[in-house]
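Peer 1: Here you go, one structure.
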There are 4 protein chains.
Amino acid sequence: MIIIDYKDRRPIYEQIIERFQDLIVKGILKPDSQLPSVRNLAMELSINPNTIQRAYAELERQGYIYSIKGRGSFVSFNEELLILKKKEVLEEIEKAAELAKNFQITEEEVIGCVKQVYGGEEEK
Amino acid sequence: MIIIDYKDRRPIYEQIIERFQDLIVKGILKPDSQLPSVRNLAMELSINPNTIQRAYAELERQGYIYSIKGRGSFVSFNEELLILKKKEVLEEIEKAAELAKNFQITEEEVIGCVKQVYGGEEEK
Amino acid sequence: MIIIDYKDRRPIYEQIIERFQDLIVKGILKPDSQLPSVRNLAMELSINPNTIQRAYAELERQGYIYSIKGRGSFVSFNEELLILKKKEVLEEIEKAAELAKNFQITEEEVIGCVKQVYGGEEEK
Amino acid sequence: MIIIDYKDRRPIYEQIIERFQDLIVKGILKPDSQLPSVRNLAMELSINPNTIQRAYAELERQGYIYSIKGRGSFVSFNEELLILKKKEVLEEIEKAAELAKNFQITEEEVIGCVKQVYGGEEEK
DNA sequence: GTGGTCTAGACCACG
DNA sequence: GTGGTCTAGACCACC
């Protein structure tokens, strides 16, 4: 379920966070379903439990999951998060578009590029 | 001319690189004009000369400037580089658009976002 | 494994880069195997860690290795890179040959020189 | 007669040395003919006379020219220098060939490359 | 422990 | 004066 790319420059805990955000936002992990325990996931990925702990803590802080002492961690997804996540993604688009504008790339070129992504191929 | 944002989590040398890229791409710094000397700029920004040195070295590697021992550093921007950089930026747009598609953001929303960047406001 | 020649006029970090390139290209350092840590190698060679750091950073930029904070640096060589490097080397040959031609050195002399390198002796 | 390329990374004095070596070895500057004075050449190229002085000193040390106080500098070319220069160039070929060998480029590829340089086009 | 950034200060080659 | 290399030592983020 979780894949770590050791060649990815980003820290491992960040990769884990993003992966869970993805699974939750897309509804693959249903609300109130249980996440793997810190210890189990750490063993499965053969990484340090501290790293998983850190990822879970951050996910809880962001509202994606909630933890109950002695029971485990659970998905706590709601509509608000989806909107938040969407906003984040749109900000990324905005940032890229501003960069393009700086490089004197025309609006048409940028939109053409976007259309190509949407129109072109089916989701892998 | 150069501003360092200490709240920015990115390294200082990266901020300097980006700032100069901007100035050069936009033509504010003309080709073959001289950049401030490593030491001067370091003093002006009250940071270590090594940090400036590093930024200049990277700018040279990327083809934005050329440096000559005992003479100084100079702008070296040409059309070829612009085309190369344009391609890089468009790839970034593509990546962001794919992300948006994954999160079920509609094509219209993305394009709307791009249009807002272009149409909305004058460059700050 | 790494030897520094202080009589060599080239900077230390460049010597280190070249040495590792050699070890990696020849397959003495296998893909995904770990390099000595920045600090260890610095101590072993009794030079400053910054100098090693610089060498590693450049090797990473060139695609020979990849580094991950908190984990270490690892060999990342692939066929694609080999082809790229080959092309670079052949361009160097070409440049040297053109120089020879300018100095009225005959084709035979140049080819003789090449054959001597290949045929003559086993790799030291 | 002498051209300085400010974008060339090599120091100016080195460019001047190489240029004169070329002119002398190829016989464009005849033995015992006079070189431009340090002062004149410096003015012509609008660079520091010290730089010319340094180039001339090095050329004298290498035996390409001789200077007479109060009279000027003169070409002192002889067969030995030609042989020396040739040897230098062949060493460069050798170095490049060894590099190629390291990168597992076959002898045939290298020789093919050399032949292309010789056979291909007329001297520019 | 690991890699990465930064500072302070030195020395070199070049003009 | 200029850029470039190196050392010594510090701090950070990550594991």
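Residues in the structure tokens are numbered from 1 in each chain, the chains being A, B, ... in the order shown, and ligands are numbered from 1 in the order shown.
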Given identical sequences, can you show me chain D least-squares superposed on chain B via all its Cα atoms in order, as a PDB file with C-alpha atoms, in the first residue's frame?
Peer 2:
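Result file superposed_17.pdb:
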```
ATOM      1  CA  MET D   1      18.825  44.252  -6.306  1.00  0.00           C
ATOM      2  CA  ILE D   2      18.997  40.966  -4.466  1.00  0.00           C
ATOM      3  CA  ILE D   3      16.695  40.318  -1.538  1.00  0.00           C
ATOM      4  CA  ILE D   4      17.062  37.434   0.867  1.00  0.00           C
ATOM      5  CA  ASP D   5      14.023  36.147   2.678  1.00  0.00           C
ATOM      6  CA  TYR D   6      15.237  34.484   5.828  1.00  0.00           C
ATOM      7  CA  LYS D   7      11.841  32.975   6.467  1.00  0.00           C
ATOM      8  CA  ASP D   8      12.004  31.241   3.107  1.00  0.00           C
ATOM      9  CA  ARG D   9      12.730  27.587   3.706  1.00  0.00           C
ATOM     10  CA  ARG D  10      14.996  27.334   0.667  1.00  0.00           C
ATOM     11  CA  PRO D  11      18.741  27.780   1.142  1.00  0.00           C
ATOM     12  CA  ILE D  12      20.088  31.274   0.658  1.00  0.00           C
ATOM     13  CA  TYR D  13      22.318  30.348  -2.274  1.00  0.00           C
ATOM     14  CA  GLU D  14      19.269  29.038  -4.104  1.00  0.00           C
ATOM     15  CA  GLN D  15      17.364  32.253  -3.556  1.00  0.00           C
ATOM     16  CA  ILE D  16      20.291  34.191  -4.971  1.00  0.00           C
ATOM     17  CA  ILE D  17      20.541  31.918  -8.004  1.00  0.00           C
ATOM     18  CA  GLU D  18      16.871  32.251  -8.780  1.00  0.00           C
ATOM     19  CA  ARG D  19      16.941  35.990  -8.342  1.00  0.00           C
ATOM     20  CA  PHE D  20      19.818  36.399 -10.802  1.00  0.00           C
ATOM     21  CA  GLN D  21      18.202  34.009 -13.281  1.00  0.00           C
ATOM     22  CA  ASP D  22      15.141  36.176 -13.165  1.00  0.00           C
ATOM     23  CA  LEU D  23      17.043  39.401 -13.663  1.00  0.00           C
ATOM     24  CA  ILE D  24      18.984  37.923 -16.568  1.00  0.00           C
ATOM     25  CA  VAL D  25      16.105  36.188 -18.335  1.00  0.00           C
ATOM     26  CA  LYS D  26      13.954  39.284 -18.110  1.00  0.00           C
ATOM     27  CA  GLY D  27      16.789  41.391 -19.517  1.00  0.00           C
ATOM     28  CA  ILE D  28      17.147  43.631 -16.505  1.00  0.00           C
ATOM     29  CA  LEU D  29      20.784  42.567 -16.382  1.00  0.00           C
ATOM     30  CA  LYS D  30      22.130  43.069 -19.902  1.00  0.00           C
ATOM     31  CA  PRO D  31      24.500  40.570 -21.551  1.00  0.00           C
ATOM     32  CA  ASP D  32      28.195  41.185 -20.740  1.00  0.00           C
ATOM     33  CA  SER D  33      27.379  43.581 -17.919  1.00  0.00           C
ATOM     34  CA  GLN D  34      29.332  42.935 -14.739  1.00  0.00           C
ATOM     35  CA  LEU D  35      27.880  41.342 -11.629  1.00  0.00           C
ATOM     36  CA  PRO D  36      28.777  42.654  -8.182  1.00  0.00           C
ATOM     37  CA  SER D  37      31.918  41.009  -6.811  1.00  0.00           C
ATOM     38  CA  VAL D  38      31.515  38.088  -4.479  1.00  0.00           C
ATOM     39  CA  ARG D  39      33.007  40.051  -1.623  1.00  0.00           C
ATOM     40  CA  ASN D  40      30.912  43.178  -2.171  1.00  0.00           C
ATOM     41  CA  LEU D  41      27.638  41.365  -2.516  1.00  0.00           C
ATOM     42  CA  ALA D  42      28.410  39.287   0.563  1.00  0.00           C
ATOM     43  CA  MET D  43      29.040  42.421   2.576  1.00  0.00           C
ATOM     44  CA  GLU D  44      25.975  44.161   1.216  1.00  0.00           C
ATOM     45  CA  LEU D  45      23.737  41.251   2.177  1.00  0.00           C
ATOM     46  CA  SER D  46      25.811  40.540   5.304  1.00  0.00           C
ATOM     47  CA  ILE D  47      26.092  36.878   4.556  1.00  0.00           C
ATOM     48  CA  ASN D  48      29.026  34.513   4.109  1.00  0.00           C
ATOM     49  CA  PRO D  49      31.048  35.039   0.880  1.00  0.00           C
ATOM     50  CA  ASN D  50      31.080  31.264   0.471  1.00  0.00           C
ATOM     51  CA  THR D  51      27.361  31.400  -0.094  1.00  0.00           C
ATOM     52  CA  ILE D  52      27.682  33.952  -2.899  1.00  0.00           C
ATOM     53  CA  GLN D  53      30.573  32.004  -4.367  1.00  0.00           C
ATOM     54  CA  ARG D  54      28.399  28.914  -4.497  1.00  0.00           C
ATOM     55  CA  ALA D  55      25.569  30.752  -6.206  1.00  0.00           C
ATOM     56  CA  TYR D  56      27.907  32.236  -8.830  1.00  0.00           C
ATOM     57  CA  ALA D  57      29.498  28.842  -9.472  1.00  0.00           C
ATOM     58  CA  GLU D  58      26.107  27.309 -10.091  1.00  0.00           C
ATOM     59  CA  LEU D  59      25.017  30.181 -12.338  1.00  0.00           C
ATOM     60  CA  GLU D  60      28.190  29.715 -14.358  1.00  0.00           C
ATOM     61  CA  ARG D  61      27.600  25.980 -14.619  1.00  0.00           C
ATOM     62  CA  GLN D  62      24.090  26.675 -15.947  1.00  0.00           C
ATOM     63  CA  GLY D  63      25.438  29.139 -18.496  1.00  0.00           C
ATOM     64  CA  TYR D  64      23.860  32.306 -17.131  1.00  0.00           C
ATOM     65  CA  ILE D  65      27.184  34.007 -16.369  1.00  0.00           C
ATOM     66  CA  TYR D  66      30.881  33.642 -17.103  1.00  0.00           C
ATOM     67  CA  SER D  67      33.774  34.511 -14.840  1.00  0.00           C
ATOM     68  CA  ILE D  68      37.223  35.789 -15.699  1.00  0.00           C
ATOM     69  CA  LYS D  69      39.909  35.347 -13.077  1.00  0.00           C
ATOM     70  CA  GLY D  70      40.988  38.636 -11.629  1.00  0.00           C
ATOM     71  CA  ARG D  71      38.304  40.591 -13.512  1.00  0.00           C
ATOM     72  CA  GLY D  72      34.912  39.468 -12.234  1.00  0.00           C
ATOM     73  CA  SER D  73      31.711  37.782 -13.331  1.00  0.00           C
ATOM     74  CA  PHE D  74      29.617  38.809 -16.329  1.00  0.00           C
ATOM     75  CA  VAL D  75      26.199  38.087 -17.761  1.00  0.00           C
ATOM     76  CA  SER D  76      26.301  35.634 -20.669  1.00  0.00           C
ATOM     77  CA  PHE D  77      22.716  35.406 -21.681  1.00  0.00           C
ATOM     78  CA  ASN D  78      21.545  33.914 -24.932  1.00  0.00           C
ATOM     79  CA  GLU D  79      18.330  32.723 -26.522  1.00  0.00           C
ATOM     80  CA  GLU D  80      18.916  29.106 -25.580  1.00  0.00           C
ATOM     81  CA  LEU D  81      18.660  29.889 -21.899  1.00  0.00           C
ATOM     82  CA  LEU D  82      15.333  31.610 -22.354  1.00  0.00           C
ATOM     83  CA  ILE D  83      13.978  28.556 -24.069  1.00  0.00           C
ATOM     84  CA  LEU D  84      15.402  26.351 -21.330  1.00  0.00           C
ATOM     85  CA  LYS D  85      13.852  28.448 -18.608  1.00  0.00           C
ATOM     86  CA  LYS D  86      10.522  28.443 -20.388  1.00  0.00           C
ATOM     87  CA  LYS D  87      10.617  24.686 -20.608  1.00  0.00           C
ATOM     88  CA  GLU D  88      11.287  24.485 -16.883  1.00  0.00           C
ATOM     89  CA  VAL D  89       8.300  26.648 -16.097  1.00  0.00           C
ATOM     90  CA  LEU D  90       6.046  24.661 -18.408  1.00  0.00           C
ATOM     91  CA  GLU D  91       7.147  21.488 -16.690  1.00  0.00           C
ATOM     92  CA  GLU D  92       6.018  22.979 -13.432  1.00  0.00           C
ATOM     93  CA  ILE D  93       2.637  23.710 -14.938  1.00  0.00           C
ATOM     94  CA  GLU D  94       2.463  20.178 -16.208  1.00  0.00           C
ATOM     95  CA  LYS D  95       3.299  18.755 -12.792  1.00  0.00           C
ATOM     96  CA  ALA D  96       0.606  20.840 -11.123  1.00  0.00           C
ATOM     97  CA  ALA D  97      -1.913  19.840 -13.791  1.00  0.00           C
ATOM     98  CA  GLU D  98      -1.167  16.179 -13.268  1.00  0.00           C
ATOM     99  CA  LEU D  99      -1.683  16.617  -9.559  1.00  0.00           C
ATOM    100  CA  ALA D 100      -5.012  18.267 -10.275  1.00  0.00           C
ATOM    101  CA  LYS D 101      -6.008  15.430 -12.544  1.00  0.00           C
ATOM    102  CA  ASN D 102      -5.236  12.967  -9.749  1.00  0.00           C
ATOM    103  CA  PHE D 103      -7.539  14.862  -7.438  1.00  0.00           C
ATOM    104  CA  GLN D 104     -10.336  14.591  -9.970  1.00  0.00           C
ATOM    105  CA  ILE D 105     -10.309  18.286 -10.703  1.00  0.00           C
ATOM    106  CA  THR D 106     -11.814  18.850 -14.135  1.00  0.00           C
ATOM    107  CA  GLU D 107      -9.885  20.312 -17.035  1.00  0.00           C
ATOM    108  CA  GLU D 108     -12.319  23.208 -17.056  1.00  0.00           C
ATOM    109  CA  GLU D 109     -11.590  24.130 -13.477  1.00  0.00           C
ATOM    110  CA  VAL D 110      -7.858  24.172 -14.124  1.00  0.00           C
ATOM    111  CA  ILE D 111      -8.149  26.227 -17.285  1.00  0.00           C
ATOM    112  CA  GLY D 112     -10.530  28.575 -15.524  1.00  0.00           C
ATOM    113  CA  CYS D 113      -7.937  29.074 -12.859  1.00  0.00           C
ATOM    114  CA  VAL D 114      -5.258  29.848 -15.430  1.00  0.00           C
ATOM    115  CA  LYS D 115      -7.502  32.303 -17.256  1.00  0.00           C
ATOM    116  CA  GLN D 116      -8.213  34.089 -14.018  1.00  0.00           C
ATOM    117  CA  VAL D 117      -4.496  34.629 -13.478  1.00  0.00           C
ATOM    118  CA  TYR D 118      -3.999  36.007 -16.974  1.00  0.00           C
ATOM    119  CA  GLY D 119      -7.176  37.922 -17.443  1.00  0.00           C
ATOM    120  CA  GLY D 120      -7.614  39.265 -13.970  1.00  0.00           C
ATOM    121  CA  GLU D 121      -5.128  41.821 -12.869  1.00  0.00           C
ATOM    122  CA  GLU D 122      -2.199  43.824 -14.128  1.00  0.00           C
ATOM    123  CA  GLU D 123       1.329  42.692 -13.270  1.00  0.00           C
ATOM    124  CA  LYS D 124       2.076  43.874  -9.751  1.00  0.00           C
TER     125      LYS D 124
END
```
Peer 1: Contacts from chain E to chain D, 12 Å maximum, only C-alpha atoms (C1' of nucleotides): show me the residue list as a list in words.
Peer 2: DA13, DC14 and DG15 of chain E
Peer 1: Given the selection you just returned, output its residues as a file containing C-alpha atoms (C1' of nucleotides), formatted as a JSON list (two decimals), in the first residue's frame.
Peer 2:
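out.json, written as the output of this step:
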```
[["chain", "number", "residue", "atom", "x", "y", "z"],
["E", 13, "DA", "C1'", 45.94, 32.80, -9.20],
["E", 14, "DC", "C1'", 44.84, 36.52, -12.14],
["E", 15, "DG", "C1'", 44.67, 41.51, -13.81]]
```
Peer 1: From chain A, collect each residue whose DSSP state is strand (DSSP E) and return the set as a list in words.
Peer 2: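 Assigned to strand (DSSP E), within chain A: Ile65, Tyr66, Ser67, Ile68, Gly72, Ser73, Phe74 and Val75 of chain A.
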Peer 1: Save out the residues we just selected, N, CA and C atoms, as a short mmCIF file (atom, residue, chain, number, x, y, z; two decimals), in the first residue's frame.
Peer 2:
```
data_model
loop_
_atom_site.label_atom_id
_atom_site.label_comp_id
_atom_site.auth_asym_id
_atom_site.auth_seq_id
_atom_site.Cartn_x
_atom_site.Cartn_y
_atom_site.Cartn_z
N ILE A 65 -6.17 11.94 10.09
CA ILE A 65 -6.43 10.74 10.90
C ILE A 65 -6.61 11.16 12.37
N TYR A 66 -7.11 10.22 13.17
CA TYR A 66 -7.14 10.46 14.62
C TYR A 66 -6.64 9.20 15.30
N SER A 67 -5.98 9.38 16.44
CA SER A 67 -5.39 8.24 17.13
C SER A 67 -6.04 8.07 18.49
N ILE A 68 -6.25 6.83 18.88
CA ILE A 68 -6.78 6.54 20.21
C ILE A 68 -5.75 5.68 20.93
N GLY A 72 -5.19 2.40 18.32
CA GLY A 72 -4.62 2.55 16.98
C GLY A 72 -4.96 3.89 16.34
N SER A 73 -4.69 4.00 15.03
CA SER A 73 -4.97 5.24 14.29
C SER A 73 -6.04 4.97 13.24
N PHE A 74 -6.92 5.95 13.04
CA PHE A 74 -8.05 5.76 12.15
C PHE A 74 -8.22 6.95 11.20
N VAL A 75 -8.79 6.65 10.05
CA VAL A 75 -9.03 7.70 9.06
C VAL A 75 -10.15 8.62 9.54
#
```
Peer 1: Just the alpha helix (DSSP H) stuff from segment 42-102 of chain C, please, per backbone DSSP, written as an MDAnalysis selection string.
Peer 2: chainID C and resid 42:45 49:61 79:102
Peer 1: What are the nearest atom pairs, with distances in Å to one decimal, for all residues of chain F that come at most 12 Å from chain A, using only C-alpha atoms (C1' of nucleotides), set out by chain and rising residue number as a Markdown table?
Peer 2:
```
| residue | atom | partner | partner_atom | distance |
| --- | --- | --- | --- | --- |
| F:DA13 | C1' | A:Pro11 | CA | 9.2 |
| F:DC14 | C1' | A:Pro11 | CA | 7.0 |
| F:DC15 | C1' | A:Asn48 | CA | 6.9 |
```
Peer 1: In Å, with one decimal, what is the gap from atom C1' of DG3 of chain F to atom C1' of DC6 of chain E?
Peer 2: 19.6 Å
Peer 1: Counting only C-alpha atoms (C1' of nucleotides), what is within 12 Å of DC11 of chain E, bar same-chain residues fewer than 2 positions away, as a list in words?
Peer 2: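 Neighbouring residues, sequence-local ones excluded: DG9 and DA13 of chain E; DG4, DT5, DC6 and DT7 of chain F.
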Peer 1: Taking N, CA and C atoms (P, O5', C5', C4', C3', O3' and C1' of nucleotides) for each residue, export the selection above as an mmCIF file, in the first residue's frame.
Peer 2:
```
data_model
loop_
_atom_site.group_PDB
_atom_site.id
_atom_site.type_symbol
_atom_site.label_atom_id
_atom_site.label_comp_id
_atom_site.auth_asym_id
_atom_site.auth_seq_id
_atom_site.Cartn_x
_atom_site.Cartn_y
_atom_site.Cartn_z
ATOM 1 P P DG E 9 36.353 36.611 11.310
ATOM 2 O "O5'" DG E 9 37.616 35.907 10.626
ATOM 3 C "C5'" DG E 9 38.073 34.658 11.126
ATOM 4 C "C4'" DG E 9 38.981 34.009 10.095
ATOM 5 C "C3'" DG E 9 39.857 35.019 9.312
ATOM 6 O "O3'" DG E 9 41.190 34.560 9.288
ATOM 7 C "C1'" DG E 9 38.842 33.521 7.862
ATOM 8 P P DA E 13 49.487 30.326 -6.788
ATOM 9 O "O5'" DA E 13 48.404 30.764 -7.860
ATOM 10 C "C5'" DA E 13 47.405 29.835 -8.282
ATOM 11 C "C4'" DA E 13 46.533 30.531 -9.311
ATOM 12 C "C3'" DA E 13 47.336 31.295 -10.365
ATOM 13 O "O3'" DA E 13 46.628 31.175 -11.596
ATOM 14 C "C1'" DA E 13 45.944 32.801 -9.204
ATOM 15 P P DG F 4 34.678 31.868 -10.036
ATOM 16 O "O5'" DG F 4 35.914 31.304 -9.210
ATOM 17 C "C5'" DG F 4 37.013 30.767 -9.926
ATOM 18 C "C4'" DG F 4 37.823 29.897 -8.986
ATOM 19 C "C3'" DG F 4 36.998 28.806 -8.308
ATOM 20 O "O3'" DG F 4 37.732 27.597 -8.398
ATOM 21 C "C1'" DG F 4 38.161 30.062 -6.693
ATOM 22 P P DT F 5 37.150 26.227 -7.908
ATOM 23 O "O5'" DT F 5 37.997 25.937 -6.592
ATOM 24 C "C5'" DT F 5 39.412 25.841 -6.686
ATOM 25 C "C4'" DT F 5 39.980 25.768 -5.302
ATOM 26 C "C3'" DT F 5 39.406 24.638 -4.443
ATOM 27 O "O3'" DT F 5 40.470 23.765 -4.145
ATOM 28 C "C1'" DT F 5 39.587 26.675 -3.230
ATOM 29 P P DC F 6 40.210 22.380 -3.421
ATOM 30 O "O5'" DC F 6 40.349 22.746 -1.894
ATOM 31 C "C5'" DC F 6 41.594 23.206 -1.399
ATOM 32 C "C4'" DC F 6 41.424 23.697 0.020
ATOM 33 C "C3'" DC F 6 40.670 22.753 0.949
ATOM 34 O "O3'" DC F 6 41.624 22.078 1.762
ATOM 35 C "C1'" DC F 6 40.160 25.083 1.326
ATOM 36 P P DT F 7 41.193 21.115 2.953
ATOM 37 O "O5'" DT F 7 41.057 22.106 4.191
ATOM 38 C "C5'" DT F 7 42.177 22.903 4.555
ATOM 39 C "C4'" DT F 7 41.866 23.663 5.826
ATOM 40 C "C3'" DT F 7 41.244 22.812 6.933
ATOM 41 O "O3'" DT F 7 41.894 23.111 8.154
ATOM 42 C "C1'" DT F 7 39.887 24.697 6.500
#
```
Peer 1: Name all residues at most 10 Å from DG9 of chain F (count only C-alpha atoms (C1' of nucleotides); drop same-chain ones fewer than 2 positions away) and give them as a PyMOL selection string.
Peer 2: (chain E and resi 7-8) or (chain F and resi 7+11)
Peer 1: Write the residues you've just listed into a file as a PDB file, in the first residue's frame, and include N, CA and C atoms (P, O5', C5', C4', C3', O3' and C1' of nucleotides) for each of them.
Peer 2:
```pdb
ATOM      1  P    DT E   7      25.800  32.947   6.078  1.00  0.00           P
ATOM      2  O5'  DT E   7      26.983  32.706   7.111  1.00  0.00           O
ATOM      3  C5'  DT E   7      26.659  32.485   8.485  1.00  0.00           C
ATOM      4  C4'  DT E   7      27.933  32.455   9.298  1.00  0.00           C
ATOM      5  C3'  DT E   7      28.922  33.579   8.955  1.00  0.00           C
ATOM      6  O3'  DT E   7      29.421  34.123  10.172  1.00  0.00           O
ATOM      7  C1'  DT E   7      29.996  31.483   8.777  1.00  0.00           C
ATOM      8  P    DA E   8      30.024  35.576  10.235  1.00  0.00           P
ATOM      9  O5'  DA E   8      31.559  35.247  10.453  1.00  0.00           O
ATOM     10  C5'  DA E   8      31.939  34.283  11.430  1.00  0.00           C
ATOM     11  C4'  DA E   8      33.427  33.992  11.282  1.00  0.00           C
ATOM     12  C3'  DA E   8      34.236  35.155  10.692  1.00  0.00           C
ATOM     13  O3'  DA E   8      35.382  35.363  11.506  1.00  0.00           O
ATOM     14  C1'  DA E   8      34.644  33.173   9.477  1.00  0.00           C
TER      15       DA E   8
ATOM     16  P    DT F   7      41.193  21.115   2.953  1.00  0.00           P
ATOM     17  O5'  DT F   7      41.057  22.106   4.191  1.00  0.00           O
ATOM     18  C5'  DT F   7      42.177  22.903   4.555  1.00  0.00           C
ATOM     19  C4'  DT F   7      41.866  23.663   5.826  1.00  0.00           C
ATOM     20  C3'  DT F   7      41.244  22.812   6.933  1.00  0.00           C
ATOM     21  O3'  DT F   7      41.894  23.111   8.154  1.00  0.00           O
ATOM     22  C1'  DT F   7      39.887  24.697   6.500  1.00  0.00           C
ATOM     23  P    DC F  11      26.284  25.636  17.703  1.00  0.00           P
ATOM     24  O5'  DC F  11      25.139  25.471  16.599  1.00  0.00           O
ATOM     25  C5'  DC F  11      24.755  26.576  15.798  1.00  0.00           C
ATOM     26  C4'  DC F  11      23.854  26.046  14.704  1.00  0.00           C
ATOM     27  C3'  DC F  11      22.773  25.098  15.226  1.00  0.00           C
ATOM     28  O3'  DC F  11      21.492  25.617  14.907  1.00  0.00           O
ATOM     29  C1'  DC F  11      23.843  24.222  13.303  1.00  0.00           C
TER      30       DC F  11
END
```
